[in-house]
Structure formats: structure tokens, C-alpha cells
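> Next comes the structure file coords34.csv, holding CSV, C-alpha atoms and all ligand atoms.
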chain,number,residue,atom,x,y,z
J,292,MET,CA,-6.1,-4.5,-5.4
J,293,LYS,CA,-4.7,-4.5,-1.8
J,294,ILE,CA,-1.1,-5.6,-1.9
J,295,LYS,CA,-1.1,-6.1,1.9
J,296,GLU,CA,-3.8,-8.7,1.7
J,297,LEU,CA,-1.6,-10.8,-0.6
J,298,ILE,CA,1.6,-10.7,1.3
J,299,ARG,CA,2.6,-13.8,3.2
J,300,PRO,CA,1.1,-13.3,6.7
J,301,HIS,CA,4.4,-14.0,8.6
J,302,LEU,CA,6.1,-11.1,6.8
J,303,LEU,CA,3.6,-8.4,7.8
J,304,ASP,CA,5.5,-7.6,11.0
J,305,LEU,CA,9.0,-8.1,9.6
J,306,GLN,CA,11.6,-5.7,10.9
J,307,PRO,CA,14.0,-5.5,8.0
J,308,TYR,CA,17.8,-5.5,8.6
J,309,SER,CA,18.9,-2.0,9.2
J,310,SER,CA,22.3,-1.3,7.7
J,311,ALA,CA,24.7,1.4,8.7
J,312,ARG,CA,24.0,3.1,5.4
J,313,ASP,CA,20.3,3.2,6.1
J,314,GLU,CA,20.9,5.2,9.3
J,315,TYR,CA,23.3,7.7,7.9
J,316,SER,CA,23.4,8.2,4.1
J,317,GLY,CA,25.4,11.5,3.9
J,318,LYS,CA,28.5,11.5,1.6
J,319,GLU,CA,30.9,13.5,3.7
J,320,GLY,CA,32.2,12.3,7.0
J,321,VAL,CA,34.5,10.0,8.9
J,322,PHE,CA,32.9,6.6,8.5
J,323,LEU,CA,33.5,4.4,11.5
J,324,ASP,CA,30.0,2.9,11.5
J,325,ALA,CA,30.1,-0.2,9.2
J,326,ASN,CA,33.3,-2.1,10.1
J,327,GLU,CA,34.8,-1.4,6.7
J,328,ASN,CA,38.4,-1.3,5.9
J,329,PRO,CA,39.3,2.4,5.6
J,330,PHE,CA,42.0,2.0,2.9
J,331,ASP,CA,40.7,3.0,-0.6
J,332,THR,CA,40.3,0.1,-3.1
J,333,GLY,CA,37.4,1.8,-5.0
J,334,VAL,CA,35.0,-0.7,-3.4
J,335,ASN,CA,36.1,-0.7,0.3
J,336,ARG,CA,32.8,0.9,1.3
J,337,TYR,CA,29.4,-0.8,1.3
J,338,PRO,CA,27.2,0.2,-1.7
J,339,ASP,CA,24.1,2.3,-1.5
J,340,PRO,CA,21.4,-0.3,-0.5
J,341,LEU,CA,18.7,1.6,-2.4
J,342,GLN,CA,20.8,2.5,-5.5
J,343,LYS,CA,19.5,6.1,-5.5
J,344,LYS,CA,21.8,7.5,-8.2
J,345,LEU,CA,21.1,4.7,-10.6
J,346,LYS,CA,17.4,4.7,-9.9
J,347,GLY,CA,17.3,8.4,-10.7
J,348,GLU,CA,18.9,7.7,-14.1
J,349,VAL,CA,16.6,4.8,-14.9
J,350,ALA,CA,13.5,6.7,-13.7
J,351,LYS,CA,14.4,9.5,-16.2
J,352,LEU,CA,14.9,7.1,-19.1
J,353,LYS,CA,11.7,5.1,-18.4
J,354,SER,CA,9.6,8.1,-17.4
J,355,VAL,CA,8.6,6.6,-14.0
J,356,SER,CA,9.0,7.8,-10.5
J,357,VAL,CA,12.0,6.4,-8.5
J,358,ASP,CA,9.4,5.1,-6.0
J,359,ASN,CA,8.1,2.6,-8.7
J,360,LEU,CA,11.5,1.1,-9.3
J,361,PHE,CA,13.3,-1.9,-7.7
J,362,PHE,CA,16.6,-3.5,-8.8
J,363,GLY,CA,17.5,-7.2,-8.4
J,364,ASN,CA,20.7,-9.1,-8.9
J,365,GLY,CA,19.3,-10.0,-12.3
J,366,SER,CA,15.6,-10.2,-13.0
J,367,ASP,CA,16.0,-13.7,-11.7
J,368,GLU,CA,16.3,-12.3,-8.2
J,369,CYS,CA,13.2,-10.1,-8.7
J,370,ILE,CA,11.3,-13.3,-9.7
J,371,ASP,CA,12.5,-15.2,-6.7
J,372,LEU,CA,11.7,-12.3,-4.3
J,373,LEU,CA,8.2,-11.8,-5.7
J,374,ILE,CA,7.5,-15.5,-5.1
J,375,ARG,CA,8.9,-15.4,-1.6
J,376,LEU,CA,7.0,-12.2,-0.8
J,377,PHE,CA,3.6,-13.5,-1.8
J,378,CYS,CA,3.5,-17.3,-1.9
J,379,VAL,CA,3.2,-19.6,1.1
J,380,PRO,CA,5.1,-22.9,0.3
J,381,ILE,CA,2.9,-25.9,-0.5
J,382,ILE,CA,-0.3,-23.8,-0.2
J,383,ASP,CA,-0.1,-21.0,-2.8
J,384,LYS,CA,0.3,-21.4,-6.6
J,385,VAL,CA,1.6,-19.4,-9.5
J,386,LEU,CA,0.7,-19.6,-13.2
J,387,SER,CA,2.8,-19.4,-16.3
J,388,ILE,CA,2.5,-20.2,-20.0
J,389,THR,CA,4.3,-22.9,-22.0
J,390,PRO,CA,6.5,-22.6,-23.8
J,391,SER,CA,8.2,-19.7,-21.9
J,392,TYR,CA,11.2,-18.7,-19.9
J,393,GLY,CA,12.3,-21.5,-17.6
J,394,MET,CA,13.2,-19.4,-14.5
J,395,HIS,CA,9.6,-18.7,-13.4
J,396,ALA,CA,9.0,-22.4,-13.0
J,397,VAL,CA,12.4,-23.1,-11.4
J,398,SER,CA,12.0,-20.3,-8.9
J,399,ALA,CA,8.5,-21.6,-8.0
J,400,LYS,CA,9.8,-25.1,-7.6
J,401,ILE,CA,12.7,-24.0,-5.3
J,402,ASN,CA,10.2,-22.1,-3.2
J,403,HIS,CA,8.0,-25.2,-3.1
J,404,ILE,CA,5.2,-23.5,-5.0
J,405,GLU,CA,3.1,-25.3,-7.5
J,406,MET,CA,3.2,-23.9,-11.1
J,407,VAL,CA,0.0,-24.0,-13.1
J,408,ASN,CA,1.1,-24.2,-16.8
J,409,ILE,CA,-1.3,-22.9,-19.5
J,410,PRO,CA,-0.2,-23.8,-23.0
J,411,LEU,CA,-0.2,-21.1,-25.7
J,412,ASN,CA,-2.5,-21.5,-28.6
J,413,ASP,CA,-1.0,-23.1,-31.7
J,414,ASP,CA,-0.3,-19.7,-33.2
J,415,PHE,CA,1.7,-18.8,-30.0
J,416,THR,CA,-1.1,-16.3,-28.8
J,417,LEU,CA,-2.3,-16.3,-25.2
J,418,ASN,CA,-5.2,-18.6,-24.2
J,419,THR,CA,-6.7,-15.8,-22.2
J,420,GLU,CA,-9.8,-17.8,-21.3
J,421,GLN,CA,-7.9,-20.6,-19.7
J,422,ILE,CA,-5.5,-18.2,-18.0
J,423,ILE,CA,-8.4,-16.3,-16.4
J,424,LYS,CA,-10.3,-19.4,-15.5
J,425,ASN,CA,-7.2,-20.9,-13.8
J,426,SER,CA,-6.2,-17.6,-12.1
J,427,LYS,CA,-8.8,-17.9,-9.3
J,428,ASP,CA,-6.5,-19.9,-7.0
J,429,VAL,CA,-3.1,-18.5,-8.0
J,430,LYS,CA,-1.2,-15.6,-6.5
J,431,ILE,CA,1.0,-14.5,-9.4
J,432,ILE,CA,0.7,-14.9,-13.2
J,433,PHE,CA,4.0,-14.7,-15.2
J,434,LEU,CA,3.7,-13.6,-18.8
J,435,CYS,CA,6.9,-13.1,-20.8
J,436,SER,CA,6.4,-10.7,-23.7
J,437,PRO,CA,8.2,-10.8,-26.2
J,438,ASN,CA,8.0,-14.4,-25.2
J,439,ASN,CA,11.1,-16.6,-24.9
J,440,PRO,CA,11.6,-18.8,-26.9
J,441,THR,CA,8.7,-18.1,-29.4
J,442,GLY,CA,9.8,-14.4,-30.0
J,443,ASN,CA,6.3,-12.9,-30.3
J,444,THR,CA,4.8,-10.1,-28.3
J,445,PHE,CA,1.3,-10.7,-26.8
J,446,SER,CA,-1.5,-8.3,-27.6
J,447,LYS,CA,-2.4,-5.5,-25.3
J,448,VAL,CA,-6.1,-6.4,-25.5
J,449,ASP,CA,-5.2,-9.9,-24.0
J,450,PHE,CA,-3.1,-8.3,-21.3
J,451,PHE,CA,-6.0,-5.9,-20.3
J,452,SER,CA,-8.5,-8.7,-20.3
J,453,ILE,CA,-6.3,-10.8,-18.0
J,454,LEU,CA,-5.5,-7.8,-15.7
J,455,ASP,CA,-9.1,-6.9,-15.5
J,456,ASN,CA,-10.4,-10.4,-14.8
J,457,CYS,CA,-7.8,-12.4,-12.9
J,458,GLY,CA,-7.9,-11.1,-9.3
J,459,CYS,CA,-4.2,-11.7,-8.8
J,460,LEU,CA,-0.8,-10.2,-9.5
J,461,VAL,CA,0.4,-10.2,-13.2
J,462,VAL,CA,4.1,-10.1,-13.8
J,463,VAL,CA,4.9,-9.1,-17.4
J,464,ASP,CA,8.6,-10.1,-18.1
J,465,GLU,CA,9.8,-7.7,-20.8
J,466,ALA,CA,13.5,-8.8,-21.0
J,467,TYR,CA,13.3,-8.3,-24.8
J,468,ILE,CA,11.0,-5.3,-25.1
J,469,ASP,CA,13.7,-3.0,-26.5
J,470,PHE,CA,13.7,-5.2,-29.7
J,471,SER,CA,9.9,-5.1,-30.0
J,472,SER,CA,7.7,-2.8,-32.1
J,473,GLU,CA,5.2,-2.9,-29.2
J,474,SER,CA,5.4,-0.3,-26.4
J,475,SER,CA,6.2,-1.4,-22.8
J,476,MET,CA,3.4,-2.2,-20.3
J,477,ILE,CA,5.2,0.2,-17.9
J,478,ASN,CA,2.8,2.8,-19.4
J,479,GLU,CA,-0.1,0.9,-17.9
J,480,LEU,CA,1.2,0.8,-14.3
J,481,LYS,CA,-0.9,3.8,-13.3
J,482,ASN,CA,-4.0,2.0,-14.5
J,483,TYR,CA,-3.5,-1.4,-12.9
J,484,SER,CA,-2.4,-1.8,-9.3
J,485,ASN,CA,-1.9,-5.6,-9.9
J,486,LEU,CA,0.6,-5.1,-12.7
J,487,ILE,CA,4.3,-5.7,-12.3
J,488,VAL,CA,6.8,-5.2,-15.1
J,489,LEU,CA,10.3,-6.8,-15.3
J,490,GLN,CA,13.1,-5.6,-17.5
J,491,THR,CA,16.8,-6.3,-17.5
J,492,PHE,CA,20.3,-4.9,-18.3
J,493,SER,CA,21.2,-8.3,-19.6
J,494,LYS,CA,19.9,-8.1,-23.2
J,495,ALA,CA,19.7,-4.8,-25.1
J,496,PHE,CA,22.0,-3.0,-22.6
J,497,GLY,CA,24.7,-5.6,-23.1
J,498,LEU,CA,25.4,-6.2,-19.4
J,499,ALA,CA,24.4,-9.8,-18.8
J,500,GLY,CA,27.6,-10.4,-16.8
J,501,LEU,CA,26.7,-7.6,-14.4
J,502,ARG,CA,23.5,-9.2,-13.1
J,503,LEU,CA,21.1,-6.3,-12.9
J,504,GLY,CA,17.3,-6.6,-13.3
J,505,MET,CA,14.6,-4.0,-13.0
J,506,MET,CA,11.2,-4.3,-11.5
J,507,PHE,CA,8.5,-1.6,-12.0
J,508,GLY,CA,5.5,-1.7,-9.7
J,509,SER,CA,3.5,0.3,-7.2
J,510,LYS,CA,5.2,2.3,-4.5
J,511,GLU,CA,3.7,-0.1,-1.9
J,512,LEU,CA,5.1,-3.2,-3.7
J,513,VAL,CA,8.5,-1.6,-4.0
J,514,GLY,CA,8.5,-0.9,-0.3
J,515,TRP,CA,7.8,-4.6,0.5
J,516,MET,CA,10.5,-5.8,-1.9
J,517,ASN,CA,13.0,-3.4,-0.3
J,518,LYS,CA,12.1,-5.0,3.1
J,519,ILE,CA,12.9,-8.5,2.1
J,520,LYS,CA,15.8,-8.1,-0.3
J,521,PRO,CA,19.4,-8.8,0.8
J,522,PRO,CA,20.5,-5.4,1.9
J,523,TYR,CA,23.4,-4.9,-0.6
J,524,ASN,CA,22.1,-7.0,-3.5
J,525,ILE,CA,23.4,-4.6,-6.1
J,526,SER,CA,27.2,-4.3,-5.9
J,527,GLN,CA,28.9,-0.9,-6.2
J,528,THR,CA,30.6,-2.1,-9.4
J,529,SER,CA,27.2,-3.0,-10.9
J,530,GLN,CA,25.8,0.4,-10.0
J,531,ASN,CA,28.8,2.3,-11.4
J,532,LEU,CA,28.9,0.3,-14.7
J,533,ALA,CA,25.1,0.6,-15.2
J,534,ILE,CA,25.3,4.4,-14.7
J,535,LYS,CA,28.1,4.6,-17.2
J,536,LYS,CA,26.1,2.6,-19.7
J,537,LEU,CA,23.1,5.0,-19.3
J,538,GLU,CA,25.5,7.9,-20.0
J,539,GLU,CA,26.3,6.3,-23.4
J,540,PHE,CA,22.7,5.3,-24.2
J,541,LYS,CA,23.2,6.3,-27.8
J,542,ILE,CA,25.5,3.3,-28.3
J,543,VAL,CA,22.8,1.0,-26.9
J,544,GLU,CA,20.2,2.5,-29.2
J,545,ASN,CA,22.5,2.0,-32.2
J,546,GLN,CA,23.1,-1.6,-31.2
J,547,ILE,CA,19.4,-2.2,-30.9
J,548,GLU,CA,18.8,-0.8,-34.4
J,549,PHE,CA,21.6,-2.9,-35.8
J,550,LEU,CA,20.3,-6.1,-34.2
J,551,LYS,CA,16.8,-5.5,-35.4
J,552,LYS,CA,18.1,-5.0,-39.0
J,553,GLU,CA,20.2,-8.1,-38.7
J,554,ARG,CA,17.2,-10.0,-37.4
J,555,THR,CA,15.3,-9.1,-40.6
J,556,ARG,CA,18.2,-10.1,-42.8
J,557,VAL,CA,18.8,-13.4,-41.0
J,558,GLU,CA,15.1,-14.2,-41.1
J,559,ARG,CA,15.1,-13.7,-44.9
J,560,GLN,CA,18.3,-15.8,-45.3
J,561,LEU,CA,16.9,-18.6,-43.1
J,562,ARG,CA,13.8,-18.8,-45.2
J,563,LYS,CA,16.0,-19.6,-48.1
J,564,CYS,CA,17.6,-22.6,-46.4
J,565,SER,CA,16.2,-25.9,-47.6
J,566,ILE,CA,16.2,-27.6,-44.2
J,567,VAL,CA,14.3,-24.8,-42.5
J,568,GLU,CA,10.6,-25.5,-42.5
J,569,LYS,CA,9.4,-22.5,-40.6
J,570,VAL,CA,10.9,-19.2,-39.4
J,571,HIS,CA,8.7,-17.7,-36.6
J,572,PRO,CA,8.5,-13.9,-36.8
J,573,SER,CA,10.5,-12.4,-34.0
J,574,GLU,CA,10.2,-9.2,-31.8
J,575,ALA,CA,13.3,-10.2,-29.8
J,576,ASN,CA,17.0,-10.6,-30.4
J,577,PHE,CA,16.6,-14.3,-31.4
J,578,ILE,CA,14.7,-16.3,-34.0
J,579,LEU,CA,12.9,-19.6,-33.5
J,580,ILE,CA,13.0,-21.8,-36.5
J,581,LYS,CA,11.5,-25.2,-37.2
J,582,VAL,CA,13.7,-27.7,-39.0
J,583,LYS,CA,13.2,-31.3,-40.1
J,584,ASP,CA,15.6,-32.8,-37.6
J,585,SER,CA,16.7,-30.4,-34.8
J,586,ILE,CA,19.2,-32.8,-33.3
J,587,LYS,CA,21.0,-33.2,-36.6
J,588,VAL,CA,21.1,-29.4,-37.2
J,589,TYR,CA,22.2,-28.7,-33.6
J,590,ASN,CA,25.0,-31.3,-33.8
J,591,TYR,CA,26.2,-30.0,-37.2
J,592,LEU,CA,26.3,-26.4,-35.9
J,593,VAL,CA,28.1,-27.5,-32.6
J,594,LEU,CA,30.6,-29.5,-34.7
J,595,ASN,CA,31.4,-26.1,-36.4
J,596,LYS,CA,31.6,-24.4,-33.0
J,597,ILE,CA,28.3,-22.6,-33.5
J,598,ILE,CA,26.2,-22.9,-30.3
J,599,VAL,CA,22.4,-22.5,-30.6
J,600,ARG,CA,19.6,-23.7,-28.3
J,601,ASN,CA,17.6,-26.8,-29.2
J,602,ARG,CA,14.2,-26.1,-27.9
J,603,SER,CA,12.6,-29.2,-29.3
J,604,ASN,CA,11.6,-30.6,-25.8
J,605,GLN,CA,9.4,-27.5,-25.2
J,606,PRO,CA,5.6,-27.7,-25.9
J,607,LEU,CA,4.7,-26.5,-29.4
J,608,CYS,CA,8.4,-26.4,-30.3
J,609,GLU,CA,9.0,-29.8,-31.8
J,610,ASN,CA,12.2,-29.7,-33.9
J,611,CYS,CA,12.7,-26.0,-33.1
J,612,ILE,CA,16.0,-24.2,-32.7
J,613,ARG,CA,16.5,-20.8,-31.1
J,614,ILE,CA,19.2,-18.7,-32.7
J,615,THR,CA,20.4,-15.5,-31.0
J,616,ILE,CA,21.3,-12.6,-33.4
J,617,GLY,CA,25.0,-12.0,-33.2
J,618,LYS,CA,27.5,-9.8,-35.1
J,619,LYS,CA,27.2,-9.8,-38.9
J,620,SER,CA,30.2,-12.1,-39.3
J,621,GLU,CA,28.8,-14.5,-36.7
J,622,ASN,CA,25.4,-14.6,-38.3
J,623,ASP,CA,26.9,-15.1,-41.8
J,624,LEU,CA,28.9,-18.1,-40.5
J,625,MET,CA,25.8,-19.6,-38.9
J,626,LEU,CA,23.9,-19.1,-42.2
J,627,SER,CA,26.6,-20.7,-44.3
J,628,LYS,CA,26.7,-23.7,-42.0
J,629,MET,CA,22.9,-23.9,-42.1
J,630,LYS,CA,23.0,-24.2,-45.8
J,631,GLU,CA,25.5,-27.0,-45.6
J,632,VAL,CA,23.3,-29.3,-43.4
J,633,CYS,CA,21.3,-31.8,-45.4
X,1,LIG,C1,17.2,-13.4,-20.4
X,1,LIG,C2,15.9,-13.3,-19.7
X,1,LIG,C3,15.8,-12.6,-18.5
X,1,LIG,C4,17.0,-12.0,-17.9
X,1,LIG,O1,17.3,-12.4,-16.6
X,1,LIG,P1,18.5,-11.7,-15.8
X,1,LIG,O2,18.5,-12.4,-14.6
X,1,LIG,O3,18.1,-10.2,-15.7
X,1,LIG,O4,19.7,-11.8,-16.6
X,1,LIG,C5,14.6,-12.4,-17.9
X,1,LIG,N1,13.5,-12.9,-18.4
X,1,LIG,C6,13.5,-13.5,-19.6
X,1,LIG,C7,12.3,-14.0,-20.2
X,1,LIG,C8,14.7,-13.8,-20.3
X,1,LIG,O5,14.7,-14.4,-21.4
Give the structure from the file, written as C-alpha cells.

Amino acid sequence: MKIKELIRPHLLDLQPYSSARDEYSGKEGVFLDANENPFDTGVNRYPDPLQKKLKGEVAKLKSVSVDNLFFGNGSDECIDLLIRLFCVPIIDKVLSITPSYGMHAVSAKINHIEMVNIPLNDDFTLNTEQIIKNSKDVKIIFLCSPNNPTGNTFSKVDFFSILDNCGCLVVVDEAYIDFSSESSMINELKNYSNLIVLQTFSKAFGLAGLRLGMMFGSKELVGWMNKIKPPYNISQTSQNLAIKKLEEFKIVENQIEFLKKERTRVERQLRKCSIVEKVHPSEANFILIKVKDSIKVYNYLVLNKIIVRNRSNQPLCENCIRITIGKKSENDLMLSKMKEVC
């Protein structure tokens, strides 16, 4: 697939903003080039616009080349930049599944791009036939796996079939992949030039407040994303804290193991609650349950200062509540209150 043929035509001759740090990136010297304040605050200098040190660490962890890596101010920024790079307002379309993560649709709407919604099958699997059929006049397909809010991972066979037959870009949003038993689609990047994978520091890494999202794609795509991004989109503080987090990756791994064990325990306990009609199996750090009356359950939990997400207004999610896996004491409190609702 030729990326260049999909780029919005008016961007093809874009001269990106050239920052002082692009022209001279050495560490030593007297820096009188960027109108910064010379007095040290820890952050008085502009950050590295290409986040080279952090990219080096992430590339090692994920076994990819730094050239295949792009960071956004949250994955939400990656989603927005991808739409802005490829989709001409009013004319182009994107495709997503329902129910799924809301930001793909919101970002499309903000950019005045029509979203084609393809419902999942009743068992929450992909309707690949409909996705492929409808992909002919869309620029980007967004697939979230493990999917939010259903919690399931989609099959690789379905991904391959879509990638092989769609003729457009396919973004696999893997915000929850660290909690899944399935391997990441990052491993398939070398086989599919139309594949883009999103991951984030917001969930397993425990840095939601930082706003740091990762995009994995071809070197050519990363080059284009670098051209259109705000020059200093990742703050120095974010870069430093993310590097520090990667240095203590063992802690992250332990937390993932803990949360997966808690997920199994909470799933079992929820199945014992009389008001719970269904506990959907989860590959993420949340569980989607179906109850008799989701408003009643939601209100009772809120009354007890336990905040969950009522997803009842989403397709296929009637009377469904999404519960994030917390600390053991938090989960126990939630479970005890669930047993009280009747
Ligand atoms: C939470 C979540 C994200 C994370 O977005 P950030 O902007 O990186 O915090 C991305 N995709 C999905 C599907 C999510 O649920």
C-alpha cells in the first residue's frame, strides 16, 4: 500500500515547522537559539521534539525499530492526527465497530469526517464480511482489541482477513493488550504496510495523568506524523517520567499479574451475585456485566461512593455495567455492595 497516495493532497508539500532543537540537537553548548529562560528550573529548556531517548527504551521493550515509533499526547492525539493526515473533511469516511471506544467517533466528528459504524456480532466477534464490504470507500478502519467496553480480544484470523481485503488503513487500538493472553499485532507490522497499532502508557503502565500514547507503523507513516504533529507535543516531564517507569518495568509486570488474578477472582464473585445475569469474559482490566436493571445498580453503587460506568446506552450492551479492576480492598467493597442490591 502506498501511504503517499492516501495522504490529504494539500499536505504533500507541507514544510513542517522547524524548531531550534531540530537544527542543533547536541547536548553541550551555550544555547541562545530558542528564546528560553537560561535559569535552571529543570524544565526551562524545550523538550526533544522526537523523544529519542524514550523511543530508544520503548523500541527495546517492544522489539521494534525507533523508526516505527511515534508518540502522541495520549493515544487520543494519535487518533486525531491520523484522521487529520488522511481524511479530507466532508469527503472521506472512516469505519469503526459498535460498541467500542468513543474517541474514534468523536475525533472523526470533530474533523467533519463521517463514521461508518459496523455492529459486532451478538457474541461480540467482528462481522468481518460487513467490515470488508463497507471498507471500499473509507480511509481508516479503527478496531479496538481487547475491545472497550466488551473486554474481548478479536481473532488474528479476522484481522488478517480484514487487512488482506480492505484496501485501506487499519488501526488496531491495543490500549489493553498487556492484560490479554493474545499477542500484540505489532508483530505483524512487517507483513502489512496498511497496519497501524496504538498502545498507551495510560492503562497497564499506570500513567494516565501523563498523557502518553504510542503509535507503531511504517517508517514512512511515522515520518508523515512527525511532519504534522505539534513540535513539542510530549513534555519533558512526560518523557522523564516514562523513562523512569520503563526502568522499573518489573513493578509494572507485577501489577499486571496482580490485576489479571484479581480479574479472575472478581469474575467468579460477580457470577455468584443474584442480580448479575451475565459476566462477559475479559482480556482487559475491566469486566462488563449484565444486570436486571443497570440504573438501579449504578445508583446504588454511586450512593456508596463506588463509581462504575453504565454502558447500557451502547449497542448490544443493554443493562450492562463496566467495572474497572481496582485494588483488592476496592474490589471487595464493590462486591459487597453488589450483593446488597436487590
Ligand atoms: C483508555 C483507552 C485509550 C487510552 O487513551 P490515552 O489517550 O492514551 O489515555 C485508548 N484506546 C482505548 C480503546 C482506551 O480504552
> Give me, as an NGL selection string, all polymer residues having an atom no more than 9 Å from stretch 504-508 of chain J, counting only C-alpha atoms and skipping those fewer than 4 positions away in the same chain.
:J and (355 or 358-369 or 466 or 477 or 480 or 484-493 or 512-513)
> Within 8 Å of J:Ser529, counting all atoms listed in the file, which residues show up once you throw out same-chain ones fewer than 2 positions away? Write them as a ChimeraX atom specification, please.
/J:501-503,525-527,531-533
> Atom CA of J:Asp428 to atom CA of J:Asn478: how many Å, to one decimal?
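The value is 27.5 Å.
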> Just how far from atom CA of J:Val379 is atom CA of J:Ile404, in Å to one decimal?
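Atom CA of J:Ile404 sits 7.5 Å away from atom CA of J:Val379.
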> Calculated over only C-alpha atoms and all ligand atoms, which of the candidates J:Tyr523, J:Tyr589, J:Tyr392, J:Phe330 has the smallest distance to ligand LIG 1 (chain X)?
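Distance minimum relative to ligand LIG 1 (chain X) lands on J:Tyr392.
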